[in-house]
$ cat upload_3.pdb   # PDB, C-alpha atoms and all ligand atoms
ATOM      1  CA  MET A   1      79.149 -78.051-181.534
ATOM      2  CA  LEU A   2      81.896 -79.389-179.300
ATOM      3  CA  ASN A   3      80.987 -82.173-176.922
ATOM      4  CA  PHE A   4      82.437 -81.162-173.554
ATOM      5  CA  GLY A   5      81.509 -84.472-171.968
ATOM      6  CA  GLU A   6      84.083 -86.223-174.138
ATOM      7  CA  LEU A   7      86.864 -83.666-173.880
ATOM      8  CA  PRO A   8      89.703 -84.515-171.483
ATOM      9  CA  PHE A   9      90.350 -81.221-169.772
ATOM     10  CA  ILE A  10      93.581 -80.910-167.908
ATOM     11  CA  PHE A  11      93.551 -82.729-164.504
ATOM     12  CA  SER A  12      90.300 -84.504-165.361
ATOM     13  CA  ALA A  13      91.081 -87.728-167.224
ATOM     14  CA  PRO A  14      87.927 -89.850-166.962
ATOM     15  CA  ASP A  15      89.577 -93.264-166.625
ATOM     16  CA  LEU A  16      90.828 -92.950-163.026
ATOM     17  CA  ASP A  17      88.792 -95.284-160.779
ATOM     18  CA  ARG A  18      89.069 -93.726-157.316
ATOM     19  CA  LEU A  19      88.153 -96.994-155.581
ATOM     20  CA  ALA A  20      86.021 -95.016-153.140
ATOM     21  CA  ILE A  21      84.197 -98.113-151.925
ATOM     22  CA  HIS A  22      87.508 -99.607-150.713
ATOM     23  CA  ARG A  23      88.546 -96.647-148.531
ATOM     24  CA  HIS A  24      86.823 -98.027-145.430
ATOM     25  CA  ASP A  25      88.277-101.513-145.777
ATOM     26  CA  ASP A  26      91.386-101.351-143.569
ATOM     27  CA  VAL A  27      92.382-104.960-144.242
ATOM     28  CA  GLN A  28      92.334-104.514-147.994
ATOM     29  CA  TYR A  29      94.116-101.176-147.672
ATOM     30  CA  ALA A  30      96.942-102.757-145.669
ATOM     31  CA  ALA A  31      97.244-105.507-148.274
ATOM     32  CA  GLN A  32      97.328-102.906-151.035
ATOM     33  CA  LEU A  33     100.189-101.083-149.305
ATOM     34  CA  ALA A  34     102.302-104.246-149.438
ATOM     35  CA  ASP A  35     101.204-105.467-152.879
ATOM     36  CA  SER A  36     104.070-105.718-155.381
ATOM     37  CA  THR A  37     101.938-104.190-158.140
ATOM     38  CA  THR A  38     101.061-101.040-156.158
ATOM     39  CA  ARG A  39     102.753 -97.821-157.217
ATOM     40  CA  PHE A  40     103.452 -94.709-155.129
ATOM     41  CA  VAL A  41     103.379 -91.068-156.211
ATOM     42  CA  PRO A  42     105.681 -89.010-153.927
ATOM     43  CA  VAL A  43     104.833 -85.388-153.196
ATOM     44  CA  CYS A  44     107.534 -83.413-151.360
ATOM     45  CA  GLY A  45     106.064 -80.541-149.427
ATOM     46  CA  ASP A  46     103.586 -79.099-151.931
ATOM     47  CA  GLN A  47     105.447 -80.195-155.017
ATOM     48  CA  ASN A  48     105.396 -83.108-157.427
ATOM     49  CA  VAL A  49     108.601 -84.968-158.208
ATOM     50  CA  LEU A  50     110.050 -85.474-161.677
ATOM     51  CA  ARG A  51     113.101 -87.461-162.716
ATOM     52  CA  GLY A  52     116.268 -85.854-163.999
ATOM     53  CA  ASP A  53     114.933 -85.434-167.543
ATOM     54  CA  GLY A  54     112.375 -83.005-166.129
ATOM     55  CA  ILE A  55     109.412 -84.648-167.865
ATOM     56  CA  THR A  56     109.139 -88.167-166.378
ATOM     57  CA  PRO A  57     107.287 -88.361-163.047
ATOM     58  CA  LEU A  58     108.931 -90.296-160.235
ATOM     59  CA  ILE A  59     106.716 -93.310-159.544
ATOM     60  CA  LEU A  60     107.951 -95.795-156.933
ATOM     61  CA  ASP A  61     107.294 -99.506-156.568
ATOM     62  CA  VAL A  62     106.620-101.005-153.152
ATOM     63  CA  ILE A  63     110.272-101.913-152.503
ATOM     64  CA  SER A  64     111.533 -98.425-153.331
ATOM     65  CA  ALA A  65     108.741 -96.857-151.292
ATOM     66  CA  GLN A  66     109.030 -99.066-148.217
ATOM     67  CA  SER A  67     111.290 -96.883-146.094
ATOM     68  CA  LEU A  68     109.474 -93.724-147.254
ATOM     69  CA  ILE A  69     106.078 -95.026-146.162
ATOM     70  CA  ALA A  70     107.287 -95.004-142.546
ATOM     71  CA  GLU A  71     108.533 -91.421-142.892
ATOM     72  CA  ALA A  72     105.533 -90.090-144.834
ATOM     73  CA  HIS A  73     103.197 -87.654-143.042
ATOM     74  CA  CYS A  74     100.360 -89.154-145.102
ATOM     75  CA  VAL A  75      99.619 -92.026-147.447
ATOM     76  CA  VAL A  76      96.503 -91.620-149.598
ATOM     77  CA  LEU A  77      94.749 -94.114-151.842
ATOM     78  CA  LEU A  78      94.348 -92.427-155.216
ATOM     79  CA  GLY A  79      92.793 -95.275-157.168
ATOM     80  CA  ASN A  80      93.246 -97.532-160.129
ATOM     81  CA  PHE A  81      94.548 -96.117-163.371
ATOM     82  CA  GLN A  82      95.082 -98.293-166.425
ATOM     83  CA  GLY A  83      95.074-101.480-164.332
ATOM     84  CA  GLN A  84      97.454-100.281-161.606
ATOM     85  CA  THR A  85      96.676 -99.020-158.117
ATOM     86  CA  TYR A  86      98.346 -95.760-157.048
ATOM     87  CA  LEU A  87      98.832 -94.142-153.646
ATOM     88  CA  ALA A  88     100.190 -90.700-152.825
ATOM     89  CA  LEU A  89     103.096 -90.357-150.396
ATOM     90  CA  GLY A  90     103.259 -87.058-148.518
ATOM     91  CA  LEU A  91     106.919 -86.364-147.730
ATOM     92  CA  SER A  92     108.835 -83.497-146.217
ATOM     93  CA  ASN A  93     110.712 -81.151-148.532
ATOM     94  CA  GLY A  94     114.147 -82.192-147.381
ATOM     95  CA  ILE A  95     113.723 -85.948-147.581
ATOM     96  CA  ALA A  96     116.277 -87.955-149.594
ATOM     97  CA  LEU A  97     114.556 -89.920-152.337
ATOM     98  CA  SER A  98     116.860 -91.803-154.676
ATOM     99  CA  GLY A  99     120.278 -91.371-156.244
ATOM    100  CA  ASP A 100     118.678 -89.986-159.375
ATOM    101  CA  THR A 101     118.727 -86.240-159.924
ATOM    102  CA  LEU A 102     115.180 -85.120-159.211
ATOM    103  CA  THR A 103     113.169 -81.998-159.844
ATOM    104  CA  LEU A 104     110.550 -80.732-157.412
ATOM    105  CA  THR A 105     107.984 -78.720-159.320
ATOM    106  CA  ASN A 106     104.389 -77.702-159.750
ATOM    107  CA  LEU A 107     102.756 -79.045-162.878
ATOM    108  CA  ARG A 108     102.241 -75.866-164.880
ATOM    109  CA  PRO A 109     105.399 -76.322-166.977
ATOM    110  CA  GLN A 110     104.253 -79.873-167.800
ATOM    111  CA  PHE A 111     101.054 -78.915-169.622
ATOM    112  CA  GLY A 112     101.337 -80.267-173.134
ATOM    113  CA  LYS A 113     104.273 -82.503-172.114
ATOM    114  CA  LEU A 114     102.631 -85.050-169.809
ATOM    115  CA  ASP A 115      99.552 -86.939-170.941
ATOM    116  CA  HIS A 116      96.164 -86.188-169.388
ATOM    117  CA  GLY A 117      96.135 -89.369-167.301
ATOM    118  CA  THR A 118      99.517 -88.694-165.711
ATOM    119  CA  LEU A 119      98.669 -85.057-165.032
ATOM    120  CA  THR A 120      95.384 -86.120-163.459
ATOM    121  CA  LEU A 121      97.141 -88.600-161.186
ATOM    122  CA  LEU A 122      99.889 -86.153-160.161
ATOM    123  CA  GLY A 123      97.441 -83.286-159.640
ATOM    124  CA  TYR A 124      95.179 -85.452-157.504
ATOM    125  CA  ALA A 125      98.157 -86.612-155.411
ATOM    126  CA  ARG A 126      99.311 -83.034-154.926
ATOM    127  CA  ALA A 127      95.814 -81.858-153.920
ATOM    128  CA  MET A 128      95.374 -84.624-151.321
ATOM    129  CA  VAL A 129      98.826 -84.134-149.813
ATOM    130  CA  HIS A 130      98.231 -80.389-149.628
ATOM    131  CA  TRP A 131      94.959 -81.033-147.805
ATOM    132  CA  HIS A 132      96.777 -83.191-145.247
ATOM    133  CA  LEU A 133      99.455 -80.521-144.768
ATOM    134  CA  GLN A 134      96.834 -77.836-144.181
ATOM    135  CA  ASN A 135      94.853 -79.855-141.646
ATOM    136  CA  ARG A 136      97.414 -81.359-139.296
ATOM    137  CA  TYR A 137      95.603 -79.833-136.322
ATOM    138  CA  CYS A 138      91.936 -79.775-135.412
ATOM    139  CA  GLY A 139      90.252 -76.441-136.110
ATOM    140  CA  LYS A 140      87.956 -76.894-133.104
ATOM    141  CA  CYS A 141      90.330 -77.851-130.286
ATOM    142  CA  GLY A 142      93.856 -77.602-131.725
ATOM    143  CA  ALA A 143      94.827 -81.238-131.115
ATOM    144  CA  PRO A 144      96.685 -83.182-133.842
ATOM    145  CA  THR A 145      94.506 -84.946-136.396
ATOM    146  CA  HIS A 146      94.983 -88.520-137.560
ATOM    147  CA  SER A 147      94.485 -89.976-141.011
ATOM    148  CA  ARG A 148      92.026 -92.768-141.595
ATOM    149  CA  HIS A 149      89.983 -94.393-144.356
ATOM    150  CA  ALA A 150      92.927 -94.628-146.739
ATOM    151  CA  GLY A 151      93.828 -90.989-146.186
ATOM    152  CA  HIS A 152      90.424 -89.563-147.102
ATOM    153  CA  GLU A 153      89.406 -88.491-143.593
ATOM    154  CA  LEU A 154      91.218 -86.707-140.791
ATOM    155  CA  HIS A 155      90.002 -87.421-137.289
ATOM    156  CA  CYS A 156      90.631 -85.538-134.056
ATOM    157  CA  SER A 157      91.153 -88.035-131.278
ATOM    158  CA  ARG A 158      90.470 -85.404-128.586
ATOM    159  CA  CYS A 159      87.108 -83.955-129.646
ATOM    160  CA  GLY A 160      86.036 -86.342-132.429
ATOM    161  CA  ASN A 161      85.971 -83.687-135.142
ATOM    162  CA  ILE A 162      86.115 -85.228-138.633
ATOM    163  CA  LEU A 163      87.568 -83.391-141.618
ATOM    164  CA  TYR A 164      86.925 -84.290-145.256
ATOM    165  CA  PRO A 165      88.735 -83.082-148.371
ATOM    166  CA  ARG A 166      86.884 -80.109-149.863
ATOM    167  CA  VAL A 167      87.121 -78.207-153.100
ATOM    168  CA  ASN A 168      86.493 -74.510-153.625
ATOM    169  CA  PRO A 169      84.051 -73.753-156.451
ATOM    170  CA  ALA A 170      84.960 -70.990-158.866
ATOM    171  CA  ILE A 171      83.190 -69.783-161.986
ATOM    172  CA  ILE A 172      84.878 -69.222-165.322
ATOM    173  CA  VAL A 173      82.863 -67.483-168.003
ATOM    174  CA  LEU A 174      83.067 -66.407-171.625
ATOM    175  CA  VAL A 175      80.908 -63.314-172.117
ATOM    176  CA  THR A 176      79.771 -62.526-175.657
ATOM    177  CA  ARG A 177      77.660 -59.933-177.445
ATOM    178  CA  GLU A 178      76.897 -59.442-181.133
ATOM    179  CA  GLY A 179      79.821 -61.345-182.626
ATOM    180  CA  ARG A 180      82.414 -60.328-180.051
ATOM    181  CA  CYS A 181      83.716 -61.916-176.870
ATOM    182  CA  LEU A 182      85.058 -60.283-173.728
ATOM    183  CA  LEU A 183      88.546 -61.268-172.552
ATOM    184  CA  GLY A 184      90.583 -59.939-169.664
ATOM    185  CA  ARG A 185      94.319 -59.341-169.448
ATOM    186  CA  GLN A 186      95.985 -60.004-166.120
ATOM    187  CA  LEU A 187      98.107 -57.353-164.411
ATOM    188  CA  SER A 188     101.250 -59.200-165.510
ATOM    189  CA  GLY A 189     101.836 -60.799-168.889
ATOM    190  CA  ASN A 190     100.100 -60.570-172.247
ATOM    191  CA  ARG A 191      97.617 -63.383-171.816
ATOM    192  CA  TYR A 192      93.949 -62.696-172.527
ATOM    193  CA  SER A 193      91.493 -65.075-170.980
ATOM    194  CA  THR A 194      87.952 -65.695-169.874
ATOM    195  CA  LEU A 195      86.844 -64.152-166.589
ATOM    196  CA  ALA A 196      86.922 -66.126-163.350
ATOM    197  CA  GLY A 197      86.322 -65.840-159.637
ATOM    198  CA  PHE A 198      85.503 -67.789-156.508
ATOM    199  CA  VAL A 199      81.999 -68.496-155.300
ATOM    200  CA  GLU A 200      81.312 -66.790-151.968
ATOM    201  CA  PRO A 201      79.347 -68.311-149.055
ATOM    202  CA  GLY A 202      75.620 -67.943-149.547
ATOM    203  CA  GLU A 203      75.974 -67.243-153.260
ATOM    204  CA  SER A 204      74.563 -69.167-156.233
ATOM    205  CA  LEU A 205      76.720 -69.864-159.282
ATOM    206  CA  GLU A 206      74.531 -67.531-161.318
ATOM    207  CA  ALA A 207      75.004 -64.731-158.801
ATOM    208  CA  THR A 208      78.767 -65.326-158.815
ATOM    209  CA  VAL A 209      78.904 -65.021-162.604
ATOM    210  CA  ARG A 210      76.955 -61.738-162.493
ATOM    211  CA  ARG A 211      79.046 -60.326-159.635
ATOM    212  CA  GLU A 212      82.480 -61.315-160.928
ATOM    213  CA  VAL A 213      81.865 -60.035-164.453
ATOM    214  CA  GLN A 214      80.497 -56.743-163.121
ATOM    215  CA  GLU A 215      83.343 -56.315-160.627
ATOM    216  CA  GLU A 216      86.090 -57.105-163.115
ATOM    217  CA  THR A 217      84.728 -55.452-166.262
ATOM    218  CA  ASN A 218      81.606 -53.370-165.472
ATOM    219  CA  ILE A 219      79.588 -55.597-167.811
ATOM    220  CA  ARG A 220      76.122 -56.810-166.834
ATOM    221  CA  VAL A 221      75.316 -60.331-168.011
ATOM    222  CA  ALA A 222      72.185 -62.363-168.560
ATOM    223  CA  CYS A 223      71.176 -65.655-170.170
ATOM    224  CA  MET A 224      74.084 -67.599-168.740
ATOM    225  CA  GLN A 225      74.472 -71.264-169.570
ATOM    226  CA  TYR A 226      76.567 -73.849-167.729
ATOM    227  CA  ARG A 227      78.909 -75.758-170.066
ATOM    228  CA  ALA A 228      81.492 -77.926-168.253
ATOM    229  CA  SER A 229      83.898 -78.085-165.320
ATOM    230  CA  GLN A 230      87.615 -78.575-164.717
ATOM    231  CA  PRO A 231      89.484 -79.318-161.481
ATOM    232  CA  TRP A 232      92.418 -77.134-160.552
ATOM    233  CA  PRO A 233      94.653 -78.516-157.768
ATOM    234  CA  TYR A 234      96.325 -75.232-156.753
ATOM    235  CA  PRO A 235      95.274 -75.744-154.110
ATOM    236  CA  ALA A 236      91.798 -77.258-154.392
ATOM    237  CA  SER A 237      89.475 -75.559-156.856
ATOM    238  CA  LEU A 238      86.779 -76.691-159.232
ATOM    239  CA  MET A 239      86.159 -74.318-162.130
ATOM    240  CA  LEU A 240      82.599 -74.289-163.399
ATOM    241  CA  GLY A 241      82.435 -72.994-166.956
ATOM    242  CA  PHE A 242      79.690 -70.763-168.343
ATOM    243  CA  HIS A 243      78.739 -68.840-171.427
ATOM    244  CA  ALA A 244      76.888 -65.572-170.775
ATOM    245  CA  LEU A 245      75.419 -62.781-172.878
ATOM    246  CA  ALA A 246      76.317 -59.164-172.115
ATOM    247  CA  GLU A 247      73.721 -56.428-171.748
ATOM    248  CA  ASN A 248      76.177 -53.531-172.228
ATOM    249  CA  THR A 249      79.617 -53.014-173.820
ATOM    250  CA  ASP A 250      81.261 -50.182-171.861
ATOM    251  CA  THR A 251      84.059 -51.874-169.939
ATOM    252  CA  HIS A 252      85.792 -50.660-166.809
ATOM    253  CA  CYS A 253      88.048 -52.680-164.510
ATOM    254  CA  ASN A 254      86.224 -51.850-161.297
ATOM    255  CA  ASP A 255      88.120 -54.008-158.805
ATOM    256  CA  GLY A 256      91.636 -53.671-160.250
ATOM    257  CA  GLU A 257      92.103 -57.424-160.739
ATOM    258  CA  LEU A 258      92.545 -56.974-164.494
ATOM    259  CA  ALA A 259      94.853 -54.665-166.392
ATOM    260  CA  GLU A 260      92.391 -54.529-169.277
ATOM    261  CA  ALA A 261      89.029 -55.901-170.368
ATOM    262  CA  ARG A 262      88.589 -55.913-174.107
ATOM    263  CA  TRP A 263      86.080 -57.031-176.728
ATOM    264  CA  PHE A 264      87.419 -59.283-179.506
ATOM    265  CA  SER A 265      85.756 -60.245-182.776
ATOM    266  CA  ARG A 266      86.827 -63.481-184.418
ATOM    267  CA  ALA A 267      88.853 -61.415-186.881
ATOM    268  CA  ASP A 268      90.569 -59.632-183.963
ATOM    269  CA  ILE A 269      91.561 -62.979-182.474
ATOM    270  CA  ILE A 270      92.881 -64.318-185.766
ATOM    271  CA  GLN A 271      94.908 -61.158-186.346
ATOM    272  CA  GLY A 272      96.245 -61.112-182.780
ATOM    273  CA  LEU A 273      97.374 -64.734-182.967
ATOM    274  CA  ARG A 274      98.968 -64.273-186.367
ATOM    275  CA  ASN A 275     101.046 -61.279-185.313
ATOM    276  CA  ASN A 276     101.833 -62.737-181.848
ATOM    277  CA  ARG A 277     100.158 -59.894-179.999
ATOM    278  CA  LEU A 278      97.576 -62.166-178.447
ATOM    279  CA  THR A 279      98.282 -65.125-176.151
ATOM    280  CA  LEU A 280      95.489 -67.471-175.120
ATOM    281  CA  SER A 281      95.224 -70.110-172.403
ATOM    282  CA  THR A 282      96.610 -73.588-172.943
ATOM    283  CA  PRO A 283      94.461 -75.638-175.363
ATOM    284  CA  GLN A 284      93.885 -78.272-172.648
ATOM    285  CA  SER A 285      92.088 -75.774-170.420
ATOM    286  CA  ILE A 286      88.394 -75.134-170.013
ATOM    287  CA  SER A 287      89.080 -71.453-170.656
ATOM    288  CA  TYR A 288      90.363 -72.271-174.130
ATOM    289  CA  TRP A 289      87.475 -74.605-174.860
ATOM    290  CA  LEU A 290      84.867 -72.041-173.843
ATOM    291  CA  LEU A 291      86.476 -69.623-176.269
ATOM    292  CA  ARG A 292      86.821 -72.267-178.929
ATOM    293  CA  GLU A 293      83.173 -73.294-178.724
ATOM    294  CA  TRP A 294      82.064 -69.725-179.378
ATOM    295  CA  PHE A 295      84.807 -69.087-181.968
ATOM    296  CA  GLU A 296      83.835 -72.104-184.061
ATOM    297  CA  GLU A 297      80.056 -71.935-183.752
ATOM    298  CA  THR A 298      79.677 -70.158-187.096
ATOM    299  CA  GLY A 299      81.463 -73.023-188.849
ATOM    300  CA  GLU A 300      83.825 -70.610-190.625
ATOM    301  CA  PHE A 301      87.006 -71.073-188.562
ATOM    302  CA  THR A 302      88.913 -73.586-186.430
ATOM    303  CA  LEU A 303      90.755 -71.916-183.561
ATOM    304  CA  GLY A 304      93.589 -74.469-183.565
ATOM    305  CA  ASN A 305      94.505 -73.359-187.087
ATOM    306  CA  PHE A 306      95.574 -69.996-185.723
ATOM    307  CA  ASN A 307      96.731 -70.727-182.179
ATOM    308  CA  PRO A 308     100.202 -72.195-181.596
ATOM    309  CA  VAL A 309     100.410 -74.788-178.820
ATOM    310  CA  ASP A 310     100.674 -73.035-175.501
ATOM    311  CA  THR A 311     101.956 -74.888-172.451
ATOM    312  CA  HIS A 312     101.455 -72.459-169.623
ATOM    313  CA  ASP A 313      98.803 -71.721-167.049
ATOM    314  CA  ALA A 314      95.518 -73.574-167.491
ATOM    315  CA  ARG A 315      93.561 -71.599-164.931
ATOM    316  CA  SER A 316      93.023 -68.560-167.079
TER
HETATM  317 ZN    ZN E 401      89.510 -81.578-131.942
END
$ encode --input "upload_3.pdb" --output "structure tokens" --more "lines below"
Ligand SMILES: [Zn+2]
Amino acid sequence: MLNFGELPFIFSAPDLDRLAIHRHDDVQYAAQLADSTTRFVPVCGDQNVLRGDGITPLILDVISAQSLIAEAHCVVLLGNFQGQTYLALGLSNGIALSGDTLTLTNLRPQFGKLDHGTLTLLGYARAMVHWHLQNRYCGKCGAPTHSRHAGHELHCSRCGNILYPRVNPAIIVLVTREGRCLLGRQLSGNRYSTLAGFVEPGESLEATVRREVQEETNIRVACMQYRASQPWPYPASLMLGFHALAENTDTHCNDGELAEARWFSRADIIQGLRNNRLTLSTPQSISYWLLREWFEETGEFTLGNFNPVDTHDARS
């Protein structure tokens, strides 16, 4: 049995100390901004910044970041990672950074290239900067909002409205029945993955699992079990992973979100991977681990023996 609590899913390295208790200490925050050991993670628009080699993130020291801090639309305390304190710098898309050739990108192409800690830091920076960009004006009165508490609150100075960063919960589920698992193929591409969908207002996680599986595949599920979670910063989701047992096997893509819903035995998966007709999610994703846990529970096979490293989308 895999131990999910010890597995570093993508964007969820456990050794980032968010320093939450320091966010309300304005004096310490100001000192941290000027500290020579502090490092800054620039985010331009909605995108992370890599150096010219395309795989090294641009991380700035306090001297390099000084002029950018004044131009940034937000500065956010991320926390301490491996003994160093990091802050995110929210910059406009057109801002000039350094003489180096830089690449503005989302992080999907970096899965499998950057380590979990770096991806966690960059994903967190991107999520916080995106939140600032999306909440520049108060939703109640329309006045500009102002950042406070190290970038973790936005405050409306006209009506006093306070905004906090939020995440959107989504379920992701591997459905199984009698030695087979149910995977869905998206409308584009050849990737088969677990089923997923957002939790709606007023809905429990269990109800979301039942609804999403029925909508996407016509399968009724029961006996669901929560397994683990993975953040997804595009833009601000938390995927809550489940296993569930199916009550029927006749699939139909009711809502048109999937091109196909199909049952796979372990032998089907092995054959599909061997002849390159089956592509799975990246091995760092919760989707892959949900599949792997079921795949390996008989003790006969190890999924990694059949699946080549995949560096694409970790959501599905
Ligand atoms: Zn307001």
$ resolve_selection --input "upload_3.pdb" --expression "the PyMOL selection byres (((chain A and resi 170-173) around 10) and not hetatm)" --output "ChimeraX atom specification"
/A:167-169,174-176,182-183,193-200,205-206,208-210,212-213,224-232,237-244,286-287,290-291,315-316
$ resolve_selection --input "upload_3.pdb" --expression "the PyMOL selection byres (((chain A and resi 256-271) around 10) and not hetatm)" --output "ChimeraX atom specification"
/A:175-190,192-195,215-219,249-255,272-280,294-296,300-301,303,305-307
$ write_last_selection --input "upload_3.pdb" --atoms "C-alpha atoms" --output "compact mmCIF listing (two decimals), in the coordinates of the input"
# COMPACT_ATOMS: atom_id res chain seq x y z
CA VAL A 175 80.91 -63.31 -172.12
CA THR A 176 79.77 -62.53 -175.66
CA ARG A 177 77.66 -59.93 -177.44
CA GLU A 178 76.90 -59.44 -181.13
CA GLY A 179 79.82 -61.34 -182.63
CA ARG A 180 82.41 -60.33 -180.05
CA CYS A 181 83.72 -61.92 -176.87
CA LEU A 182 85.06 -60.28 -173.73
CA LEU A 183 88.55 -61.27 -172.55
CA GLY A 184 90.58 -59.94 -169.66
CA ARG A 185 94.32 -59.34 -169.45
CA GLN A 186 95.98 -60.00 -166.12
CA LEU A 187 98.11 -57.35 -164.41
CA SER A 188 101.25 -59.20 -165.51
CA GLY A 189 101.84 -60.80 -168.89
CA ASN A 190 100.10 -60.57 -172.25
CA TYR A 192 93.95 -62.70 -172.53
CA SER A 193 91.49 -65.08 -170.98
CA THR A 194 87.95 -65.69 -169.87
CA LEU A 195 86.84 -64.15 -166.59
CA GLU A 215 83.34 -56.32 -160.63
CA GLU A 216 86.09 -57.10 -163.12
CA THR A 217 84.73 -55.45 -166.26
CA ASN A 218 81.61 -53.37 -165.47
CA ILE A 219 79.59 -55.60 -167.81
CA THR A 249 79.62 -53.01 -173.82
CA ASP A 250 81.26 -50.18 -171.86
CA THR A 251 84.06 -51.87 -169.94
CA HIS A 252 85.79 -50.66 -166.81
CA CYS A 253 88.05 -52.68 -164.51
CA ASN A 254 86.22 -51.85 -161.30
CA ASP A 255 88.12 -54.01 -158.80
CA GLY A 272 96.24 -61.11 -182.78
CA LEU A 273 97.37 -64.73 -182.97
CA ARG A 274 98.97 -64.27 -186.37
CA ASN A 275 101.05 -61.28 -185.31
CA ASN A 276 101.83 -62.74 -181.85
CA ARG A 277 100.16 -59.89 -180.00
CA LEU A 278 97.58 -62.17 -178.45
CA THR A 279 98.28 -65.12 -176.15
CA LEU A 280 95.49 -67.47 -175.12
CA TRP A 294 82.06 -69.72 -179.38
CA PHE A 295 84.81 -69.09 -181.97
CA GLU A 296 83.84 -72.10 -184.06
CA GLU A 300 83.82 -70.61 -190.62
CA PHE A 301 87.01 -71.07 -188.56
CA LEU A 303 90.76 -71.92 -183.56
CA ASN A 305 94.50 -73.36 -187.09
CA PHE A 306 95.57 -70.00 -185.72
CA ASN A 307 96.73 -70.73 -182.18
$ closest_residue --input "upload_3.pdb" --among "A:His155, A:Arg166, A:Arg211, A:Lys113" --to "ligand ZN 401 (chain E)" --atoms "all atoms listed in the file"
A:His155
$ closest_atom_pairs --input "upload_3.pdb" --of "chain A" --to "ligand ZN 401 (chain E)" --cutoff "8 Å" --atoms "all atoms listed in the file" --output "tab-separated table"
residue	atom	partner	partner_atom	distance
A:Tyr137	CA	E:ZN401	ZN	7.7
A:Cys138	CA	E:ZN401	ZN	4.6
A:Gly139	CA	E:ZN401	ZN	6.7
A:Lys140	CA	E:ZN401	ZN	5.1
A:Cys141	CA	E:ZN401	ZN	4.2
A:Gly142	CA	E:ZN401	ZN	5.9
A:Ala143	CA	E:ZN401	ZN	5.4
A:Pro144	CA	E:ZN401	ZN	7.6
A:Thr145	CA	E:ZN401	ZN	7.5
A:His155	CA	E:ZN401	ZN	7.9
A:Cys156	CA	E:ZN401	ZN	4.6
A:Ser157	CA	E:ZN401	ZN	6.7
A:Arg158	CA	E:ZN401	ZN	5.2
A:Cys159	CA	E:ZN401	ZN	4.1
A:Gly160	CA	E:ZN401	ZN	5.9
A:Asn161	CA	E:ZN401	ZN	5.2
$ closest_residue --input "upload_3.pdb" --among "A:Arg220, A:Gly94, A:Phe81, A:Ser281" --to "Phe111 of chain A" --atoms "all atoms listed in the file"
A:Ser281
$ atom_distance --input "upload_3.pdb" --atom1 "atom CA of Leu33 of chain A" --atom2 "atom CA of Asn93 of chain A"
22.6 Å
$ axis_aligned_box --input "upload_3.pdb" --around "segment 294-299 of chain A" --padding-each-side "5 Å" --output "lines of an AutoDock Vina configuration file"
center_x = 82.2
center_y = -71.1
center_z = -184.1
size_x = 15.1
size_y = 13.9
size_z = 19.5
$ residues_near_point --input "upload_3.pdb" --point "(97.2, -102.3, -160.6)" --cutoff "7 Å" --atoms "only C-alpha atoms" --output "list in words"
Thr37, Thr38, Asn80, Gly83, Gln84 and Thr85 of chain A
$ closest_residue --input "upload_3.pdb" --among "A:Gln110, A:Thr302, A:Thr105, A:Asn48" --to "Tyr124 of chain A" --atoms "only C-alpha atoms"
A:Asn48
$ closest_residue --input "upload_3.pdb" --among "A:Ala246, A:Leu133, A:Leu163, A:Leu89" --to "Val49 of chain A" --atoms "only C-alpha atoms"
A:Leu89
$ residues_around --input "upload_3.pdb" --residues "segment 125-130 of chain A" --least-positions-apart "3" --cutoff "10 Å" --atoms "all atoms listed in the file" --output "NGL selection string"
:A and (40-48 or 73-78 or 86-91 or 106-107 or 119-122 or 133-135 or 151-152 or 165-167 or 232-237)
$ closest_residue --input "upload_3.pdb" --among "A:Ala207, A:Gly52, A:Ser92, A:His22" --to "Glu71 of chain A" --atoms "all atoms listed in the file"
A:Ser92
$ closest_residue --input "upload_3.pdb" --among "A:Leu104, A:Ile95, A:Leu114, A:Ala65" --to "Ile10 of chain A" --atoms "all atoms listed in the file"
A:Leu114
$ residues_around --input "upload_3.pdb" --residues "Gly117 of chain A" --least-positions-apart "5" --cutoff "10 Å" --atoms "only C-alpha atoms" --output "PyMOL selection string"
chain A and resi 8+10-16+81-82+122-123
$ decode --input "upload_3.pdb" --residues "segment 82-88 of chain A" --atoms "N, CA and C atoms" --output "compact mmCIF listing (two decimals), in the first residue's frame"
# COMPACT_ATOMS: atom_id res chain seq x y z
N GLN A 82 14.19 25.76 2.68
CA GLN A 82 15.58 25.32 2.80
C GLN A 82 16.48 26.45 3.34
N GLY A 83 15.99 27.13 4.37
CA GLY A 83 16.78 28.12 5.09
C GLY A 83 16.77 29.51 4.49
N GLN A 84 16.01 29.73 3.42
CA GLN A 84 15.98 31.04 2.76
C GLN A 84 14.54 31.54 2.67
N THR A 85 14.38 32.84 2.89
CA THR A 85 13.04 33.42 2.82
C THR A 85 12.77 33.94 1.41
N TYR A 86 11.58 33.61 0.89
CA TYR A 86 11.22 33.99 -0.48
C TYR A 86 9.96 34.86 -0.46
N LEU A 87 9.95 35.85 -1.38
CA LEU A 87 8.77 36.67 -1.61
C LEU A 87 8.45 36.67 -3.10
N ALA A 88 7.17 36.76 -3.42
CA ALA A 88 6.76 36.85 -4.82
C ALA A 88 6.67 38.32 -5.21
